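Take a look at the structure set out below.
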Amino acid sequence: MNIWLRNRKITIGSVILYFSITVLIFICAYPFLNVIAYSLSGYNAVLTGRVTFYPIDFTLSAYRQILGRTQIWISMRTTVLVTLMGTATSLVLTIFAAYALSRNNLPGKGLFTGLILFTMYFNGGIIPTFLVVKGLGLFDTLGALFIPQAINVFNFIVMRTFFRELPKSLEEAAKIDGASELQILIKVVLPLSLPIIATISLFYAVGYWNSYFDALLYIQDPDKYTLQLRLRNLLFGEELNSSGITGTNLEGIGTEVMSQSLKMATVAVSTIPIIVVYPWLQKYFVKGVMIGSIKG
Amino acid sequence: MKKRLFICMLAIFLIILGVSGCKNTNVQTKDTNVQQGSTDVTTAGSGTQSTSSSKYQTTYGAKKFNNVKITVELFDRSNAPEGSTITENKWTKYCKEQMEKVGIIVEYIPVSRWDEVTKMQAMMASGTAPDITLTYTYAHAESYFNQGGTWDLTEFIDGPDQALNMKKYLGKDVIDIGRNAQKQLYGIVARRAVVSKSNLFIRKDWLDKLNLPIPQTPDELYDTLYKFVYNNPDGRKDAIGAIIWNSWNMKIAFSQIANDVKKSAIANGDDAFADFYDPGMREYYRFMNKMYNAELMNKEYYAMSEDNLKSYITTGTVGFFEYAVNGSVDVLRGSLLKTLQENVQGADIISIPALKNTYDGKQYSSCYSQGGLINFCPKTASEEKVEACMVYLDWLCTKEGGFAIYHGFEGEHFNYDEKGTPVVIDAEYNSKDKDWIRTDLFLTGNQGYFMTVDEFIACTAKEAPGYEQHVIDNYNNALTGTLVYDTTYTSPSTPNLITDIGLVRDEYTVQCITCPEAQFEATYDKYMEELKKVGIEKIIEERTKYFTELYGN
């Protein structure tokens, strides 16, 4: 046995290590497995609470109920659109603001930074913001979902700190070569800032993807509902129907699927697409956060 | 230097912000005064019946409007079937067509059901609320009215020839729920088809096997549950005697004020109010404490989720539970009895009549208020639009309106049986065709269009093939004895105090139930002391004042 282990360079210590790590991975993954298992389990198993980390009486009816609706796909399209447009807009504005305010020679830099920081601690509140959105003609448009909150102050600070830390000599060299501020930003600063751009993009993208409250307030047309709002309506609508507050016991919907399965399938549908994006950007994500924050 | 400049700028900005805030407040106060002034005029006008009845015609068909456009809020659950949306579907089209016949153009404004209050507040504050706005929180509707933000509907409804269909279907009692203390009508309240709220369920097969009668008093219930747990007929060692998911009907069996309408109303609104105001609640918690210490309840009952409860029921673990009125056979709650019978052969659950009150020996049942959601008209709607809105609500009270929306059309969705009860032809078809929207479109009724409770029960039973008798028994048992209705009043201090009160309630109710029996008195006294510290007396005082005005001394 020992020879076998030695030949493969497997020691008792490494076995314990791998075992412990496997247990830890299982503990971390269990909530996700439980969600997936519930979403794929049969009616009786869900109702009697027998589901743990694997499906019992496998069924796709919860997913069928959610994904079988055209409206879900319309909302998915809207969310993707808002996420892409929002991330692009936010990124451009944040880069411009952060770059400008990271330059020491900008007059009134402190004042502008202060005003921006002020909005991190104080905001206008729901109703005044609603009135502004309405006044700008953004009500019931997709623009309302990303224009009012285009710049996140935290992200702005992280990016400004990153720009500040870039070597001054590079900028000076570009100036000697006759580059304008815009050329310096585009040709010198941005290529050096890919980690922070990837990081901030991810922050923004996740924020836009998960956001439902803005859609709740500013969107009236159901065809413009975001995925999160649609799923929230669907999920809580089911729950309300079964709570007896609004209706009888027989309102005719959700008769096949337990709301718990539906709940879990909803969680899966709303999170899996963005989770899939993470691994691709993770190397930038970790690096970016470290550079942006530690040096700040 | 820069820091100083920044601080100065910030200070100036804050001062400007503060001053502008004050200005707004002043303006608002002025507006409120103006609105209240106009409300007074309206009230004065409504005193003259002839003026009000001739001014607005709000019975459907009594007047032809000139294409008046109204907007109507519609709860959206994102459950529209394929090929239709919440606003564009067969039923909204039907409603629009019917209203076009009298010159009213209806546009529906979808609002997420779950977030209706947040959205309503934003829309009301920004002047974008639909002409018919709705909510389940009456306090908001009354508050908007008191601030002058919504119409006094008295003049539109109270005249002898006005809103006749509405008066016939809703009845005076339900309409009056929408009035404030000055009898002004600030909203049109939907009528609940049935007010039953909660039921006591027991394992019938265990009773039979142990040859026990249905318990009629809390003491008999205790003895029964003791036998369920310690002499379990199925030989289960994991049997749980009781799970009190809703405590309404259990509590009322100990109440010492249930026979007093005014006192019951004062104690209503939150469990803590009753715990503090009703001396019988001490006995209720004593009973629960006794059950807990005898291990007739789940050790961690306070952390139990509804899914856990359903799991215990469907695996045949629990012997007695208080749950929603039709919870045992409700399809949307998971058809618990059916699932139980799949898992445990021969198992049966029945609801039982209300237990006899320990104080006076009578039976009482806790019930919902007769009113469901409330419809009101913001001041952004013109006078003519409000008149048209009332016509729309009046039409919903007709057979062609609410009845058709809820039950569908004869021959397509239902047929009448020999007693005149609508019997569903194809539940699956109805589900896809109309049931998904029927409750939300029918704004003047909750739980369906039914003229009587018996009609509701008969129709509902027909929709549950195989469990008809259970449905009938469930609704009848939930209406045993004297009915004690929920109230809809929220006292002015409640919003500020209720969070702290809730924290005390949650902590001490668990302590009262789980402490050793010898410590019960001291724990309950401490609970009362803590409630006083967080200001419950103020709420009780306000509620007493309000309900004394309503019911007299």
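Residue names in the structure tokens use chain letters A, B, ... in the order shown, residue numbers from 1 in each chain, and ligand numbers from 1 in the order shown.
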Compile the contact shell of B:Thr548 as a list in words: residues with an atom at most 10 Å away, counting only C-alpha atoms, same-chain residues fewer than 6 positions apart removed.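 That gives Lys262, Lys263, Ile266 and Glu542 of chain B.
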Extract, using only C-alpha atoms, all DNA, RNA and protein residues at most 10 Å from A:Tyr225, discarding same-chain residues fewer than 4 positions from it, and format them as a list in words.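 Once the adjacent positions are removed, what remains is Gln71, Ile72, Ile74, Ser75, Met76, Arg77, Thr78, Thr79, Asp140, Leu142, Tyr212, Ala215, Leu216, Tyr218, Ile219, Gln220, Asp221, Leu229, Arg230 and Leu231 of chain A; Ser78 of chain B.
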Output as a PyMOL selection string all residues of stretch 4-70 of chain A that backbone DSSP marks as alpha helix (DSSP H). chain A and resi 4-7+12-39+43-47+61-67+70
List every residue of chain B that has an atom at most 7 Å from any atom of chain A, giving for each one its closest atom pair and the distance in Å to one decimal, counting only C-alpha atoms, sorted by chain and then by ascending residue number, as a tab-separated table.
```
residue	atom	partner	partner_atom	distance
B:Lys2	CA	A:Gly110	CA	6.6
B:Phe6	CA	A:Leu111	CA	5.6
B:Arg77	CA	A:Gly237	CA	4.7
B:Ser78	CA	A:Leu234	CA	5.1
B:Asn79	CA	A:Leu234	CA	6.3
B:Glu82	CA	A:Arg69	CA	6.3
B:Pro110	CA	A:Gln220	CA	6.6
B:Ser112	CA	A:Asn233	CA	6.2
B:Arg113	CA	A:Gly237	CA	6.7
B:Trp114	CA	A:Phe236	CA	6.2
B:Lys119	CA	A:Leu217	CA	6.0
B:Ala122	CA	A:Ile127	CA	5.6
B:Ala125	CA	A:Ile127	CA	6.6
B:Ser126	CA	A:Leu131	CA	6.0
B:Lys310	CA	A:Leu47	CA	6.4
B:Ser311	CA	A:Thr48	CA	4.0
B:Thr314	CA	A:Thr48	CA	5.8
B:Thr315	CA	A:Thr48	CA	6.0
B:Asp330	CA	A:Asn249	CA	5.2
B:Val331	CA	A:Thr255	CA	6.2
B:Leu332	CA	A:Ser242	CA	5.2
B:Arg333	CA	A:Ser242	CA	5.9
B:Gly334	CA	A:Met258	CA	6.4
B:Thr339	CA	A:Asn44	CA	6.6
B:Ser431	CA	A:Gly252	CA	4.6
B:Asp435	CA	A:Gly252	CA	5.5
B:Trp436	CA	A:Ile253	CA	6.2
B:Thr439	CA	A:Gly247	CA	6.5
B:Asn446	CA	A:Thr246	CA	6.3
B:Gln447	CA	A:Gly247	CA	4.5
```
So that I can see what lies close to B:Asn326, please list as a VMD selection string the residues with an atom at most 8 Å from it, counting only C-alpha atoms and leaving out residues fewer than 4 positions away in the same chain. (chain A and resid 249) or (chain B and resid 198 to 199 330 471 474 to 475)
What does the file look like for those residues with N, CA, C and O atoms, as a JSON list (two decimals), in the first residue's frame?
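Printed below is out-v7.json as written:
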```json
[["chain", "number", "residue", "atom", "x", "y", "z"],
["A", 249, "ASN", "N", -58.46, 29.24, -2.94],
["A", 249, "ASN", "CA", -57.49, 28.16, -3.01],
["A", 249, "ASN", "C", -57.30, 27.69, -4.44],
["A", 249, "ASN", "O", -56.44, 26.90, -4.74],
["B", 198, "SER", "N", -59.02, 30.88, 9.20],
["B", 198, "SER", "CA", -58.10, 29.88, 9.73],
["B", 198, "SER", "C", -58.88, 28.68, 10.25],
["B", 198, "SER", "O", -60.05, 28.79, 10.59],
["B", 199, "ASN", "N", -58.20, 27.54, 10.26],
["B", 199, "ASN", "CA", -58.89, 26.32, 10.75],
["B", 199, "ASN", "C", -58.00, 25.51, 11.65],
["B", 199, "ASN", "O", -56.77, 25.55, 11.55],
["B", 330, "ASP", "N", -56.08, 22.55, -0.21],
["B", 330, "ASP", "CA", -55.80, 23.63, -1.15],
["B", 330, "ASP", "C", -54.74, 23.19, -2.16],
["B", 330, "ASP", "O", -53.64, 22.78, -1.79],
["B", 471, "VAL", "N", -63.80, 20.54, 1.60],
["B", 471, "VAL", "CA", -63.88, 21.99, 1.36],
["B", 471, "VAL", "C", -65.08, 22.57, 2.10],
["B", 471, "VAL", "O", -64.97, 23.59, 2.80],
["B", 474, "ASN", "N", -64.42, 22.55, 5.76],
["B", 474, "ASN", "CA", -63.40, 23.54, 6.13],
["B", 474, "ASN", "C", -64.00, 24.93, 6.26],
["B", 474, "ASN", "O", -63.75, 25.64, 7.23],
["B", 475, "TYR", "N", -64.76, 25.32, 5.26],
["B", 475, "TYR", "CA", -65.32, 26.67, 5.32],
["B", 475, "TYR", "C", -66.38, 26.80, 6.41],
["B", 475, "TYR", "O", -66.45, 27.82, 7.10]]
```
Using only C-alpha atoms, which of the listed residues (A:Ala62, A:Leu91, A:Val269, A:Ile176) sits closest to A:Phe203?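 The closest residue to A:Phe203 is A:Leu91.
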Identify which of the residues B:Leu373, B:Val194, B:Val504, B:Ala141 lies closest to B:Phe450, counting only C-alpha atoms when measuring atom-to-atom distances.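 So, comparing all the options, the nearest one is B:Val194.
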note - atom CA of B:Tyr302 and atom CA of B:Ser366 are separated by 21.9 Å
Which residues are close to A:Ala88, i.e. within 10 Å by only C-alpha atoms, leaving aside same-chain residues fewer than 5 positions away? Reply as a short mmCIF file (atom, residue, chain, number, x, y, z; two decimals) with N, CA and C atoms, in the first residue's frame.
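This is the output file result-v7.cif:
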```cif
data_model
loop_
_atom_site.label_atom_id
_atom_site.label_comp_id
_atom_site.auth_asym_id
_atom_site.auth_seq_id
_atom_site.Cartn_x
_atom_site.Cartn_y
_atom_site.Cartn_z
N VAL A 82 -29.72 46.06 -21.33
CA VAL A 82 -29.45 47.06 -20.29
C VAL A 82 -28.06 46.83 -19.70
N THR A 83 -27.72 45.57 -19.50
CA THR A 83 -26.41 45.27 -18.92
C THR A 83 -25.29 45.74 -19.86
N LEU A 93 -18.07 56.81 -18.80
CA LEU A 93 -18.19 57.98 -17.93
C LEU A 93 -17.25 57.88 -16.74
N THR A 94 -17.15 56.68 -16.18
CA THR A 94 -16.28 56.50 -15.02
C THR A 94 -14.82 56.73 -15.41
N ALA A 150 -25.52 56.03 -13.76
CA ALA A 150 -24.42 55.65 -14.65
C ALA A 150 -23.08 55.57 -13.93
N SER A 201 -15.82 46.76 -15.01
CA SER A 201 -16.86 46.28 -15.94
C SER A 201 -17.69 45.20 -15.25
N TYR A 204 -19.98 46.67 -12.62
CA TYR A 204 -21.15 47.30 -13.25
C TYR A 204 -22.10 46.26 -13.84
N ALA A 205 -21.52 45.30 -14.54
CA ALA A 205 -22.36 44.31 -15.21
C ALA A 205 -23.20 43.52 -14.20
#
```
Smallest atom-to-atom distance to B:Ile536: which of B:Phe409, B:Tyr277, B:Phe520, B:Trp248, using only C-alpha atoms?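 Closest to B:Ile536 of all the choices is B:Tyr277.
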Neighbouring residues of B:Tyr56 were defined as those with any atom within 10 Å, considering only C-alpha atoms; residues of the same chain fewer than 4 positions away were excluded. Please report them as a ChimeraX atom specification. /B:51-52,62-63,155-157,159,161-163,383-384,386-388,390-391
Could you list, as an NGL selection string, every residue within 10 Å of stretch 89-98 of chain B, counting only C-alpha atoms and ignoring same-chain residues fewer than 5 positions away? :B and (60 or 80-81 or 83-84 or 103-108 or 392 or 395-396 or 400-402 or 404-405 or 408 or 433-434 or 437-438 or 441)
Which residue is closest to A:Gly124? Choose from A:Pro107, A:Gly143, A:Pro148, A:Pro191 and count only C-alpha atoms. A:Pro148
Close residues, stretch 186-188 of chain A itself excluded, 8 Å, only C-alpha atoms, min 2 positions apart in chain, as a PyMOL selection string: chain A and resi 170-171+174+182-184+190-192
Since we have the selection now, will you write its residues out, keeping all heavy atoms, as a compact mmCIF listing (two decimals), in the first residue's frame?
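Generated file (part-v7.txt):
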```txt
# COMPACT_ATOMS: atom_id res chain seq x y z
N LEU A 170 5.51 58.07 -17.89
CA LEU A 170 4.87 57.62 -19.14
C LEU A 170 4.07 58.75 -19.76
O LEU A 170 4.13 59.01 -20.97
CB LEU A 170 3.93 56.44 -18.85
CG LEU A 170 4.61 55.09 -18.59
CD1 LEU A 170 3.58 54.08 -18.11
CD2 LEU A 170 5.26 54.59 -19.87
N GLU A 171 3.35 59.41 -18.89
CA GLU A 171 2.51 60.53 -19.35
C GLU A 171 3.40 61.66 -19.89
O GLU A 171 3.12 62.23 -20.95
CB GLU A 171 1.70 61.03 -18.15
CG GLU A 171 0.63 62.02 -18.52
CD GLU A 171 0.01 62.61 -17.26
OE1 GLU A 171 -0.03 61.90 -16.21
OE2 GLU A 171 -0.39 63.77 -17.32
N ALA A 174 4.76 60.85 -23.26
CA ALA A 174 3.73 61.02 -24.30
C ALA A 174 3.56 62.49 -24.63
O ALA A 174 3.39 62.88 -25.79
CB ALA A 174 2.43 60.41 -23.82
N LEU A 182 -6.43 63.47 -24.46
CA LEU A 182 -7.28 62.37 -24.91
C LEU A 182 -6.43 61.24 -25.48
O LEU A 182 -6.68 60.06 -25.23
CB LEU A 182 -8.27 62.88 -25.97
CG LEU A 182 -9.44 61.96 -26.27
CD1 LEU A 182 -10.31 61.76 -25.04
CD2 LEU A 182 -10.27 62.49 -27.43
N GLN A 183 -5.39 61.63 -26.20
CA GLN A 183 -4.49 60.60 -26.76
C GLN A 183 -3.74 59.87 -25.64
O GLN A 183 -3.55 58.66 -25.70
CB GLN A 183 -3.49 61.25 -27.72
CG GLN A 183 -4.11 61.57 -29.08
CD GLN A 183 -3.16 62.36 -29.96
OE1 GLN A 183 -2.46 63.26 -29.48
NE2 GLN A 183 -3.15 62.05 -31.24
N ILE A 184 -3.35 60.64 -24.62
CA ILE A 184 -2.66 60.01 -23.48
C ILE A 184 -3.59 58.98 -22.83
O ILE A 184 -3.20 57.86 -22.53
CB ILE A 184 -2.23 61.06 -22.44
CG1 ILE A 184 -1.16 61.97 -23.05
CG2 ILE A 184 -1.71 60.40 -21.17
CD1 ILE A 184 -0.80 63.16 -22.19
N LEU A 190 -5.20 53.74 -20.90
CA LEU A 190 -6.15 52.62 -20.99
C LEU A 190 -5.48 51.27 -21.24
O LEU A 190 -5.83 50.29 -20.59
CB LEU A 190 -7.23 52.90 -22.03
CG LEU A 190 -8.22 54.01 -21.67
CD1 LEU A 190 -9.35 54.09 -22.69
CD2 LEU A 190 -8.80 53.82 -20.28
N PRO A 191 -4.50 51.20 -22.17
CA PRO A 191 -3.87 49.88 -22.36
C PRO A 191 -3.19 49.36 -21.09
O PRO A 191 -3.06 48.16 -20.91
CB PRO A 191 -2.83 50.15 -23.45
CG PRO A 191 -3.34 51.34 -24.19
CD PRO A 191 -4.02 52.18 -23.17
N LEU A 192 -2.78 50.27 -20.23
CA LEU A 192 -2.14 49.84 -18.98
C LEU A 192 -3.17 49.51 -17.90
O LEU A 192 -2.83 49.00 -16.84
CB LEU A 192 -1.23 50.96 -18.44
CG LEU A 192 0.02 51.26 -19.25
CD1 LEU A 192 0.68 52.53 -18.74
CD2 LEU A 192 0.99 50.08 -19.16
```
Record the distance separating atom CA of B:Tyr169 and atom CA of B:Thr398, expressed in Å with one decimal.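 Here the two named atoms are 7.8 Å from each other.
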